[in-house]
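Visitor: One structure coming up, written as structure tokens, with questions to follow.
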Amino acid sequence: MSDWIDVIPETALAEGENVVVDIDGTDVALFNIKGHFYAIEDICSHDGAEIASGQIEGDQIICPRHGARFCIKTGYVKSPPAYEAINCFPVRVENNIVQVRDDRWD
């Protein structure tokens, strides 16, 4: 089982913002949506491009290259041209520090 990795102080990411962090060699986009933190792999499953710079609408992110939409909370595809979900990562807040864990290999 992989360990929890300290990412940022809880107050460092304002509501509606995101940041890309390295988690065990993987670029992960961390989001603050209405005070809750979510983490998805920073890669569009359609063409492999980064996705964190895309427009955020509610709990969805729109890929800046081809417009595919993904749910930030689950990684699920909401509209094509993508058909495969993006990896999601567990997130928690411990002692006011946001932590992420790469559980893909557990």
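Numbering starts fresh at 1 for the residues of each chain in the structure tokens, the chains themselves are lettered A, B, ... in the order given, and ligands are numbered from 1 as they appear.
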Could you pull out the strand (DSSP E or B) residues of chain A, going by DSSP on the backbone, and write them as a short mmCIF file (atom, residue, chain, number, x, y, z; two decimals) with N, CA and C atoms, in the first residue's frame?

Guide:
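Result file follows (selection16.cif):
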```cif
data_model
loop_
_atom_site.label_atom_id
_atom_site.label_comp_id
_atom_site.auth_asym_id
_atom_site.auth_seq_id
_atom_site.Cartn_x
_atom_site.Cartn_y
_atom_site.Cartn_z
N ILE A 5 0.97 11.32 0.93
CA ILE A 5 2.01 12.30 0.65
C ILE A 5 1.47 13.69 0.96
N ASP A 6 2.20 14.43 1.80
CA ASP A 6 1.83 15.82 2.09
C ASP A 6 1.98 16.63 0.81
N VAL A 7 0.93 17.39 0.47
CA VAL A 7 0.94 18.15 -0.78
C VAL A 7 1.05 19.65 -0.52
N ILE A 8 0.05 20.21 0.13
CA ILE A 8 0.03 21.65 0.40
C ILE A 8 -0.74 21.90 1.70
N PRO A 9 -0.53 23.06 2.32
CA PRO A 9 -1.39 23.43 3.45
C PRO A 9 -2.83 23.60 2.95
N ASN A 18 -6.94 25.18 -8.68
CA ASN A 18 -6.28 23.87 -8.75
C ASN A 18 -4.78 24.08 -8.87
N VAL A 19 -4.05 23.02 -8.58
CA VAL A 19 -2.60 23.03 -8.67
C VAL A 19 -2.16 21.64 -9.13
N VAL A 20 -1.08 21.58 -9.88
CA VAL A 20 -0.53 20.30 -10.31
C VAL A 20 0.65 19.97 -9.40
N VAL A 21 0.64 18.75 -8.87
CA VAL A 21 1.70 18.29 -7.97
C VAL A 21 2.22 16.94 -8.46
N ASP A 22 3.43 16.61 -8.05
CA ASP A 22 4.02 15.32 -8.39
C ASP A 22 3.75 14.34 -7.26
N ILE A 23 3.08 13.25 -7.57
CA ILE A 23 2.80 12.19 -6.60
C ILE A 23 3.44 10.91 -7.13
N THR A 26 3.97 10.95 -10.83
CA THR A 26 2.79 11.18 -11.66
C THR A 26 2.29 12.60 -11.43
N ASP A 27 2.02 13.35 -12.50
CA ASP A 27 1.43 14.67 -12.36
C ASP A 27 -0.04 14.51 -11.98
N VAL A 28 -0.40 15.12 -10.86
CA VAL A 28 -1.76 15.02 -10.34
C VAL A 28 -2.31 16.43 -10.17
N ALA A 29 -3.52 16.64 -10.68
CA ALA A 29 -4.20 17.93 -10.52
C ALA A 29 -5.07 17.86 -9.27
N LEU A 30 -4.81 18.77 -8.34
CA LEU A 30 -5.55 18.84 -7.08
C LEU A 30 -6.49 20.03 -7.16
N PHE A 31 -7.76 19.82 -6.85
CA PHE A 31 -8.80 20.83 -6.97
C PHE A 31 -9.45 21.10 -5.62
N ASN A 32 -9.87 22.35 -5.41
CA ASN A 32 -10.71 22.71 -4.27
C ASN A 32 -12.06 23.11 -4.85
N ILE A 33 -13.05 22.26 -4.62
CA ILE A 33 -14.41 22.54 -5.09
C ILE A 33 -15.31 22.65 -3.88
N HIS A 36 -13.98 21.20 -0.67
CA HIS A 36 -13.59 19.79 -0.69
C HIS A 36 -12.48 19.60 -1.71
N PHE A 37 -11.54 18.75 -1.39
CA PHE A 37 -10.38 18.53 -2.26
C PHE A 37 -10.54 17.24 -3.05
N TYR A 38 -10.16 17.30 -4.33
CA TYR A 38 -10.23 16.16 -5.24
C TYR A 38 -8.94 16.12 -6.05
N ALA A 39 -8.52 14.92 -6.44
CA ALA A 39 -7.29 14.76 -7.20
C ALA A 39 -7.51 13.80 -8.36
N ILE A 40 -7.10 14.24 -9.55
CA ILE A 40 -7.14 13.39 -10.74
C ILE A 40 -5.79 13.48 -11.44
N GLU A 41 -5.49 12.44 -12.20
CA GLU A 41 -4.25 12.47 -12.97
C GLU A 41 -4.34 13.60 -13.99
N GLN A 55 -10.91 24.63 -18.56
CA GLN A 55 -11.95 25.40 -17.88
C GLN A 55 -12.71 24.50 -16.91
N ILE A 56 -13.01 25.02 -15.73
CA ILE A 56 -13.77 24.28 -14.73
C ILE A 56 -15.20 24.83 -14.70
N GLU A 57 -16.16 23.92 -14.80
CA GLU A 57 -17.58 24.29 -14.69
C GLU A 57 -18.20 23.37 -13.65
N GLN A 60 -16.88 19.75 -13.11
CA GLN A 60 -16.34 19.20 -14.34
C GLN A 60 -15.17 20.05 -14.84
N ILE A 61 -14.24 19.37 -15.52
CA ILE A 61 -13.15 20.07 -16.19
C ILE A 61 -13.24 19.76 -17.67
N ILE A 62 -12.99 20.78 -18.48
CA ILE A 62 -13.08 20.65 -19.94
C ILE A 62 -11.66 20.62 -20.48
N ARG A 69 -15.11 16.39 -21.55
CA ARG A 69 -15.44 16.80 -20.19
C ARG A 69 -15.29 15.61 -19.26
N PHE A 70 -14.75 15.90 -18.06
CA PHE A 70 -14.56 14.87 -17.04
C PHE A 70 -15.08 15.37 -15.70
N CYS A 71 -15.62 14.46 -14.89
CA CYS A 71 -16.02 14.80 -13.54
C CYS A 71 -14.75 14.83 -12.68
N VAL A 77 -15.85 10.21 -17.60
CA VAL A 77 -16.09 11.01 -18.80
C VAL A 77 -17.53 11.51 -18.79
N LYS A 78 -17.69 12.79 -19.09
CA LYS A 78 -19.03 13.37 -19.19
C LYS A 78 -19.42 13.65 -20.64
N SER A 79 -18.42 13.82 -21.53
CA SER A 79 -18.72 13.99 -22.95
C SER A 79 -17.48 13.69 -23.78
N CYS A 88 -8.41 8.74 -10.58
CA CYS A 88 -8.65 9.56 -9.39
C CYS A 88 -7.77 9.05 -8.27
N PHE A 89 -7.45 9.95 -7.35
CA PHE A 89 -6.60 9.58 -6.22
C PHE A 89 -7.29 9.96 -4.92
N VAL A 91 -7.85 11.59 -1.38
CA VAL A 91 -7.37 12.84 -0.78
C VAL A 91 -7.92 12.91 0.64
N ARG A 92 -7.10 13.42 1.54
CA ARG A 92 -7.56 13.67 2.89
C ARG A 92 -6.83 14.91 3.43
N VAL A 93 -7.37 15.45 4.50
CA VAL A 93 -6.72 16.57 5.19
C VAL A 93 -6.38 16.09 6.60
N GLU A 94 -5.09 16.15 6.92
CA GLU A 94 -4.59 15.76 8.24
C GLU A 94 -3.76 16.91 8.79
N ILE A 97 -3.05 19.80 6.54
CA ILE A 97 -2.24 19.55 5.35
C ILE A 97 -3.05 18.62 4.42
N VAL A 98 -3.16 19.03 3.16
CA VAL A 98 -3.82 18.17 2.17
C VAL A 98 -2.84 17.07 1.79
N GLN A 99 -3.33 15.83 1.83
CA GLN A 99 -2.51 14.67 1.49
C GLN A 99 -3.19 13.89 0.37
N VAL A 100 -2.37 13.32 -0.50
CA VAL A 100 -2.84 12.51 -1.62
C VAL A 100 -2.09 11.19 -1.59
#
```

Visitor: Show me, as a PyMOL selection string, the residues that have an atom within 10 Å of Asp47 (chain A) when counting only C-alpha atoms, minus same-chain residues fewer than 5 positions from it.

Guide: chain A and resi 63+65-66+81-82

Visitor: Could you tell me how far CA of Ile43 (chain A) lies from CA of Asp24 (chain A), in Å and to one decimal?

Guide: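 Going from CA of Ile43 (chain A) over to CA of Asp24 (chain A), I get 15.2 Å.
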
Visitor: Quick one: distance from CA of Leu13 (chain A) to CA of Tyr83 (chain A) in Å, one decimal?

Guide: 29.7 Å

Visitor: Please determine, counting only C-alpha atoms, which residue among A:Gly16, A:Ala49, A:Ala68, A:Gly25 has the shortest atom-to-atom distance to Arg101 (chain A).

Guide: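 The closest residue to Arg101 (chain A) is A:Gly25.
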